[in-house]
>>> print(open('target-v4.cif').read())   # mmCIF, C-alpha atoms
data_final
#
loop_
_atom_site.label_atom_id
_atom_site.label_comp_id
_atom_site.auth_asym_id
_atom_site.auth_seq_id
_atom_site.Cartn_x
_atom_site.Cartn_y
_atom_site.Cartn_z
CA MET A 1 -0.53 -26.22 15.12
CA VAL A 2 1.21 -25.69 11.81
CA VAL A 3 2.17 -28.85 9.95
CA TRP A 4 5.40 -28.61 7.98
CA THR A 5 6.43 -31.09 5.30
CA ASP A 6 10.05 -32.26 5.16
CA PHE A 7 10.45 -30.24 1.97
CA GLU A 8 9.20 -27.08 3.68
CA ARG A 9 11.49 -27.50 6.69
CA ALA A 10 14.51 -28.18 4.51
CA THR A 11 13.69 -25.27 2.20
CA ILE A 12 13.35 -22.73 5.00
CA THR A 13 16.51 -23.89 6.77
CA ASP A 14 18.39 -23.86 3.47
CA ILE A 15 17.30 -20.36 2.48
CA PHE A 16 18.28 -18.85 5.82
CA SER A 17 21.61 -20.69 5.96
CA LYS A 18 22.60 -19.10 2.66
CA LEU A 19 21.23 -15.62 3.38
CA ASP A 20 23.43 -12.52 3.34
CA TYR A 21 21.68 -10.87 6.26
CA GLU A 22 23.19 -7.43 5.75
CA ALA A 23 22.46 -7.22 2.04
CA VAL A 24 19.00 -8.78 2.16
CA GLY A 25 17.85 -7.14 5.40
CA GLY A 26 18.82 -3.63 4.34
CA ALA A 27 17.46 -4.07 0.82
CA THR A 28 14.16 -5.43 2.13
CA LEU A 29 13.47 -2.62 4.58
CA ALA A 30 14.57 -0.02 2.01
CA ARG A 31 12.27 -1.53 -0.62
CA CYS A 32 9.37 -1.52 1.85
CA LEU A 33 9.93 2.17 2.69
CA VAL A 34 10.06 3.05 -1.04
CA VAL A 35 7.21 0.88 -2.32
CA TYR A 36 4.90 1.55 0.64
CA PRO A 37 5.96 5.02 1.74
CA TRP A 38 3.40 5.24 4.54
CA THR A 39 5.53 2.70 6.42
CA GLN A 40 8.01 5.55 6.95
CA ARG A 41 5.76 6.71 9.76
CA TYR A 42 7.58 4.35 12.12
CA PHE A 43 11.02 5.72 11.34
CA GLY A 44 10.76 9.43 12.07
CA ASN A 45 14.19 9.47 13.69
CA PHE A 46 16.01 7.71 10.84
CA GLY A 47 17.10 10.94 9.17
CA ASN A 48 17.02 11.30 5.40
CA LEU A 49 14.23 9.23 3.83
CA TYR A 50 13.31 11.83 1.21
CA ASN A 51 13.74 9.68 -1.89
CA ALA A 52 14.60 6.17 -3.00
CA ALA A 53 18.33 6.90 -3.26
CA ALA A 54 18.44 8.39 0.23
CA ILE A 55 16.51 5.45 1.67
CA SER A 56 18.68 2.84 -0.05
CA GLY A 57 21.83 4.57 1.20
CA ASN A 58 20.62 5.26 4.73
CA PRO A 59 22.82 3.42 7.28
CA MET A 60 20.08 3.29 9.92
CA VAL A 61 17.78 1.56 7.43
CA ALA A 62 20.52 -0.93 6.59
CA LYS A 63 21.21 -1.66 10.25
CA HIS A 64 17.57 -2.03 11.20
CA GLY A 65 16.88 -4.24 8.20
CA THR A 66 19.58 -6.62 9.43
CA THR A 67 18.07 -6.60 12.94
CA ILE A 68 14.64 -7.51 11.57
CA LEU A 69 16.04 -10.34 9.47
CA HIS A 70 17.93 -11.81 12.40
CA GLY A 71 14.63 -11.65 14.27
CA LEU A 72 13.39 -14.32 11.89
CA ASP A 73 16.14 -16.71 13.03
CA ARG A 74 14.15 -17.62 16.11
CA ALA A 75 11.23 -18.72 13.99
CA VAL A 76 13.52 -20.80 11.78
CA LYS A 77 14.90 -22.56 14.87
CA ASN A 78 11.45 -23.09 16.41
CA MET A 79 9.27 -23.82 13.43
CA ASP A 80 6.98 -26.02 15.48
CA ASP A 81 5.96 -23.25 17.85
CA ILE A 82 6.39 -19.90 16.17
CA LYS A 83 3.32 -18.56 17.95
CA ALA A 84 4.89 -18.96 21.41
CA THR A 85 8.33 -17.93 20.19
CA TYR A 86 7.00 -14.55 19.05
CA ALA A 87 4.52 -13.82 21.85
CA GLU A 88 6.85 -11.30 23.46
CA LEU A 89 7.80 -9.67 20.15
CA SER A 90 4.12 -9.39 19.32
CA VAL A 91 3.43 -7.54 22.56
CA LEU A 92 6.40 -5.28 21.84
CA HIS A 93 5.14 -4.38 18.36
CA SER A 94 1.66 -3.72 19.73
CA GLU A 95 2.21 -2.00 23.05
CA LYS A 96 5.52 -0.24 22.59
CA LEU A 97 6.08 0.22 18.84
CA HIS A 98 2.37 0.62 17.91
CA VAL A 99 2.91 -0.93 14.49
CA ASP A 100 -0.20 -1.61 12.41
CA PRO A 101 0.00 -5.39 11.85
CA ASP A 102 -0.93 -4.94 8.16
CA ASN A 103 2.64 -3.72 7.77
CA PHE A 104 4.02 -7.16 8.54
CA LYS A 105 2.51 -8.49 5.31
CA LEU A 106 3.95 -5.58 3.31
CA LEU A 107 7.44 -6.24 4.67
CA SER A 108 7.12 -9.98 4.05
CA ASP A 109 6.12 -9.35 0.41
CA CYS A 110 9.25 -7.21 -0.02
CA LEU A 111 11.37 -9.93 1.60
CA THR A 112 9.96 -12.50 -0.83
CA ILE A 113 10.89 -10.28 -3.77
CA VAL A 114 14.43 -9.60 -2.51
CA VAL A 115 15.09 -13.27 -1.73
CA ALA A 116 13.71 -14.17 -5.18
CA ALA A 117 16.25 -11.85 -6.81
CA GLN A 118 19.03 -13.40 -4.68
CA LEU A 119 18.16 -17.03 -5.40
CA GLY A 120 17.17 -16.50 -9.05
CA LYS A 121 16.14 -19.72 -10.78
CA ASP A 122 16.43 -21.66 -7.51
CA PHE A 123 13.43 -19.73 -6.18
CA THR A 124 10.98 -22.10 -7.85
CA GLY A 125 7.22 -22.07 -7.32
CA GLU A 126 7.52 -24.78 -4.66
CA VAL A 127 10.26 -22.90 -2.82
CA GLN A 128 8.19 -19.72 -3.01
CA ALA A 129 5.16 -21.56 -1.60
CA ALA A 130 7.21 -22.85 1.37
CA PHE A 131 8.78 -19.45 1.99
CA GLN A 132 5.47 -17.60 1.85
CA LYS A 133 3.84 -20.18 4.13
CA PHE A 134 6.64 -19.63 6.66
CA LEU A 135 6.27 -15.84 6.45
CA ALA A 136 2.48 -16.08 6.80
CA VAL A 137 2.92 -18.02 10.06
CA VAL A 138 5.43 -15.42 11.30
CA VAL A 139 3.09 -12.57 10.36
CA SER A 140 0.19 -14.25 12.11
CA ALA A 141 2.26 -14.85 15.29
CA LEU A 142 3.42 -11.24 15.35
CA GLY A 143 -0.15 -10.01 15.18
CA ARG A 144 -1.44 -12.51 17.72
CA GLN A 145 -1.05 -10.45 20.93
CA TYR A 146 -2.67 -7.30 19.63
CA HIS A 147 -5.89 -6.34 21.38
CA MET B 1 -2.55 6.63 -5.63
CA SER B 2 -2.91 7.48 -9.32
CA LEU B 3 -0.06 7.10 -11.80
CA SER B 4 2.23 10.09 -12.12
CA ALA B 5 3.93 10.94 -15.40
CA LYS B 6 7.11 9.46 -13.92
CA ASP B 7 5.32 6.21 -13.02
CA LYS B 8 4.00 5.88 -16.58
CA ASP B 9 7.45 6.48 -18.10
CA THR B 10 9.07 4.02 -15.70
CA VAL B 11 6.51 1.35 -16.57
CA LYS B 12 6.86 1.89 -20.34
CA VAL B 13 10.67 1.80 -20.24
CA PHE B 14 10.75 -1.31 -18.07
CA TRP B 15 8.03 -3.12 -20.04
CA ALA B 16 10.00 -2.59 -23.26
CA LYS B 17 12.68 -4.80 -21.68
CA VAL B 18 10.12 -7.49 -20.83
CA ALA B 19 8.47 -7.42 -24.25
CA ASP B 20 10.47 -10.20 -25.89
CA LYS B 21 10.08 -12.55 -22.91
CA VAL B 22 6.31 -12.34 -22.48
CA GLU B 23 5.64 -16.06 -22.84
CA GLU B 24 8.38 -17.01 -20.37
CA VAL B 25 7.37 -14.37 -17.83
CA GLY B 26 3.67 -15.12 -18.17
CA SER B 27 4.11 -18.85 -17.89
CA ASP B 28 6.33 -18.53 -14.81
CA ALA B 29 3.96 -16.06 -13.09
CA LEU B 30 0.96 -18.28 -13.74
CA SER B 31 2.78 -21.44 -12.61
CA ARG B 32 3.83 -19.74 -9.43
CA MET B 33 0.30 -18.53 -8.74
CA LEU B 34 -1.07 -22.05 -9.11
CA ALA B 35 1.65 -23.46 -6.81
CA VAL B 36 1.70 -20.77 -4.13
CA TYR B 37 -2.05 -20.06 -4.06
CA PRO B 38 -3.68 -23.42 -4.83
CA GLN B 39 -7.19 -21.96 -4.52
CA THR B 40 -6.56 -20.26 -7.89
CA LYS B 41 -6.59 -23.69 -9.55
CA THR B 42 -10.39 -23.63 -9.21
CA TYR B 43 -10.54 -21.38 -12.27
CA PHE B 44 -8.76 -23.92 -14.44
CA SER B 45 -10.62 -27.16 -13.76
CA HIS B 46 -11.12 -27.46 -17.52
CA TRP B 47 -7.37 -27.82 -18.18
CA LYS B 48 -5.86 -31.27 -18.46
CA ASP B 49 -2.48 -30.20 -17.18
CA LEU B 50 -1.81 -27.50 -14.58
CA SER B 51 1.86 -28.26 -14.06
CA PRO B 52 4.50 -25.57 -14.56
CA GLY B 53 5.54 -25.30 -18.20
CA SER B 54 2.59 -27.29 -19.52
CA ALA B 55 0.99 -26.27 -22.82
CA PRO B 56 -2.16 -24.65 -21.35
CA VAL B 57 -0.10 -22.77 -18.72
CA ASN B 58 2.35 -21.46 -21.34
CA LYS B 59 -0.41 -20.41 -23.71
CA HIS B 60 -2.48 -18.72 -21.05
CA GLY B 61 0.54 -17.05 -19.45
CA LYS B 62 1.30 -15.46 -22.79
CA THR B 63 -2.32 -14.37 -23.23
CA VAL B 64 -2.34 -12.67 -19.84
CA MET B 65 0.99 -10.91 -20.46
CA LEU B 66 -0.21 -9.63 -23.83
CA GLY B 67 -3.16 -8.18 -21.90
CA VAL B 68 -0.73 -6.42 -19.54
CA GLY B 69 1.12 -5.12 -22.59
CA GLN B 70 -2.18 -3.79 -23.91
CA ALA B 71 -2.63 -1.97 -20.61
CA VAL B 72 0.85 -0.43 -20.89
CA ALA B 73 -0.11 0.86 -24.34
CA CYS B 74 -3.29 2.51 -23.01
CA ILE B 75 -1.76 3.59 -19.71
CA ASP B 76 -3.19 7.09 -20.08
CA ASP B 77 -6.76 5.78 -19.98
CA LEU B 78 -6.89 2.29 -18.56
CA ASN B 79 -10.66 2.23 -18.10
CA ALA B 80 -11.30 2.97 -21.77
CA GLY B 81 -8.46 0.79 -23.05
CA LEU B 82 -9.43 -2.25 -20.96
CA LEU B 83 -13.21 -1.95 -21.37
CA THR B 84 -13.61 -5.12 -23.41
CA LEU B 85 -11.33 -7.10 -21.11
CA SER B 86 -13.23 -5.80 -18.11
CA GLU B 87 -16.53 -6.95 -19.58
CA LEU B 88 -14.99 -10.36 -20.31
CA HIS B 89 -13.78 -10.77 -16.71
CA ALA B 90 -17.03 -9.40 -15.24
CA PHE B 91 -19.64 -11.27 -17.21
CA THR B 92 -17.94 -14.34 -18.63
CA LEU B 93 -14.91 -15.27 -16.55
CA ARG B 94 -16.16 -13.86 -13.24
CA VAL B 95 -12.75 -14.07 -11.61
CA ASP B 96 -12.87 -12.78 -8.03
CA PRO B 97 -10.89 -9.51 -8.13
CA ALA B 98 -8.84 -10.58 -5.09
CA ASN B 99 -7.01 -12.85 -7.51
CA PHE B 100 -5.71 -9.88 -9.53
CA LYS B 101 -3.63 -8.92 -6.51
CA ILE B 102 -2.35 -12.46 -6.19
CA LEU B 103 -1.28 -12.68 -9.83
CA SER B 104 0.25 -9.19 -9.64
CA HIS B 105 2.42 -10.30 -6.72
CA CYS B 106 3.55 -13.42 -8.60
CA LEU B 107 4.38 -11.29 -11.62
CA LEU B 108 6.52 -8.97 -9.49
CA VAL B 109 8.40 -12.00 -8.07
CA VAL B 110 9.13 -13.25 -11.60
CA LEU B 111 10.30 -9.81 -12.72
CA SER B 112 12.55 -9.62 -9.66
CA ILE B 113 14.13 -12.96 -10.64
CA LYS B 114 14.51 -12.25 -14.35
CA PHE B 115 15.56 -8.59 -14.12
CA PRO B 116 17.42 -8.37 -10.80
CA ASN B 117 19.35 -5.23 -11.79
CA ASP B 118 16.50 -3.39 -13.52
CA PHE B 119 13.81 -4.18 -10.95
CA THR B 120 14.96 -1.48 -8.53
CA PRO B 121 12.74 -0.20 -5.68
CA GLU B 122 11.71 2.76 -7.87
CA VAL B 123 10.68 0.50 -10.72
CA HIS B 124 8.96 -1.79 -8.21
CA VAL B 125 6.77 0.98 -6.77
CA SER B 126 5.71 2.26 -10.22
CA LEU B 127 4.92 -1.25 -11.42
CA ASP B 128 3.02 -2.06 -8.23
CA LYS B 129 0.92 1.09 -8.69
CA PHE B 130 0.37 0.26 -12.36
CA LEU B 131 -0.75 -3.30 -11.65
CA ALA B 132 -3.14 -2.00 -8.97
CA ALA B 133 -4.57 0.51 -11.46
CA LEU B 134 -4.83 -2.24 -14.09
CA SER B 135 -6.67 -4.49 -11.62
CA ARG B 136 -9.07 -1.66 -10.78
CA ALA B 137 -9.79 -1.03 -14.47
CA LEU B 138 -10.31 -4.76 -14.99
CA SER B 139 -12.87 -4.84 -12.15
CA GLU B 140 -14.64 -1.74 -13.49
CA LYS B 141 -17.60 -3.59 -14.99
CA TYR B 142 -18.13 -6.09 -12.17
CA ARG B 143 -21.01 -4.27 -10.47
#
>>> encode(input="target-v4.cif", output="structure tokens")
Amino acid sequence: MVVWTDFERATITDIFSKLDYEAVGGATLARCLVVYPWTQRYFGNFGNLYNAAAISGNPMVAKHGTTILHGLDRAVKNMDDIKATYAELSVLHSEKLHVDPDNFKLLSDCLTIVVAAQLGKDFTGEVQAAFQKFLAVVVSALGRQYH
Amino acid sequence: MSLSAKDKDTVKVFWAKVADKVEEVGSDALSRMLAVYPQTKTYFSHWKDLSPGSAPVNKHGKTVMLGVGQAVACIDDLNAGLLTLSELHAFTLRVDPANFKILSHCLLVVLSIKFPNDFTPEVHVSLDKFLAALSRALSEKYR
């Protein structure tokens, strides 16, 4: 079971309460598709992903980015049992979406970078540590049901 | 995943903007690494003070960033340009190369904070590729 300090709980709740889901979600997925272009394999029906400008302006990318980010809400609300909370989503990503779980780490690195830009100086080393710990637990839970 | 001409240009242009903040950027990246990945502290057991903004962290952050700057200058032949640094890391420092990735990530986070408008996805991908190439060149002499 993951042990969270008071600081970590407060930090995660605080970050997500202030998050602009549309801006951050879209920017994160777009950044992932640009920086790690092989991730585009999962979005064959998203239309124009030919270059960074096209990706950043693609409305399907923006919409899906927001969906993904809202998916994290459940983990924020159930920090003490993220593994169980995401069991179903893990099965979905494995059996239906066939997503290589290594991609979860790539997306979470992009999310860290986008949130860092948003929060600026407030994204201190301690805040980053808490945020990355949270994302690592999420990533682990999402990969849990793969077999 | 080698560096295209466009990658190299992007890196040089962006790094010119970072050039006058090397100590600040280096110190922040190093502090973050020590906080977010505590296992990295094992390489600095000889420092009295590992807290963010301490004298050894500032000094060493600057040293590391000057090394990155050196890599930007020899971007057309990283292996040759970083030979001495590679030998230092291989035979004297013996830093596990996994840590290069960790520090690279922390550096990207700092750049994202300090240059939110310049650190676009295109700049991000070129820099990520460059730091990976730099890390490879730095590990060249390990075995």
>>> interface_residues(input="target-v4.cif", of="chain A", to="chain B", cutoff="8 Å", atoms="all atoms listed in the file", output="NGL selection string")
:A and (30-31 or 34-36 or 52 or 112-114 or 116-121 or 124-126 or 128-129 or 132)
>>> write_last_selection(input="target-v4.cif", atoms="C-alpha atoms", output="short mmCIF file (atom, residue, chain, number, x, y, z; two decimals), in the frame of the given file")
data_model
loop_
_atom_site.label_atom_id
_atom_site.label_comp_id
_atom_site.auth_asym_id
_atom_site.auth_seq_id
_atom_site.Cartn_x
_atom_site.Cartn_y
_atom_site.Cartn_z
CA ALA A 30 14.57 -0.02 2.01
CA ARG A 31 12.27 -1.53 -0.62
CA VAL A 34 10.06 3.05 -1.04
CA VAL A 35 7.21 0.88 -2.32
CA TYR A 36 4.90 1.55 0.64
CA ALA A 52 14.60 6.17 -3.00
CA THR A 112 9.96 -12.50 -0.83
CA ILE A 113 10.89 -10.28 -3.77
CA VAL A 114 14.43 -9.60 -2.51
CA ALA A 116 13.71 -14.17 -5.18
CA ALA A 117 16.25 -11.85 -6.81
CA GLN A 118 19.03 -13.40 -4.68
CA LEU A 119 18.16 -17.03 -5.40
CA GLY A 120 17.17 -16.50 -9.05
CA LYS A 121 16.14 -19.72 -10.78
CA THR A 124 10.98 -22.10 -7.85
CA GLY A 125 7.22 -22.07 -7.32
CA GLU A 126 7.52 -24.78 -4.66
CA GLN A 128 8.19 -19.72 -3.01
CA ALA A 129 5.16 -21.56 -1.60
CA GLN A 132 5.47 -17.60 1.85
#
>>> atom_distance(input="target-v4.cif", atom1="CA of Thr40 in chain B", atom2="CA of Glu87 in chain B")
20.3 Å
>>> atom_distance(input="target-v4.cif", atom1="CA of Glu22 in chain A", atom2="CA of Ser140 in chain A")
24.8 Å
>>> resolve_selection(input="target-v4.cif", expression="the PyMOL selection byres ((chain B and resi 84) around 12)", output="list in words")
Gly67, Gln70, Ala71, Leu78, Asn79, Ala80, Gly81, Leu82, Leu83, Leu85, Ser86, Glu87, Leu88, His89, Ala90, Phe91, Thr92, Ala137, Leu138, Ser139, Glu140 and Lys141 of chain B
>>> residues_around(input="target-v4.cif", residues="Glu23 in chain B", least_positions_apart="4", cutoff="8 Å", atoms="all atoms listed in the file", output="ChimeraX atom specification")
/B:27,58-59,61-62,65
>>> atom_distance(input="target-v4.cif", atom1="CA of Tyr21 in chain A", atom2="CA of Asp73 in chain A")
10.5 Å
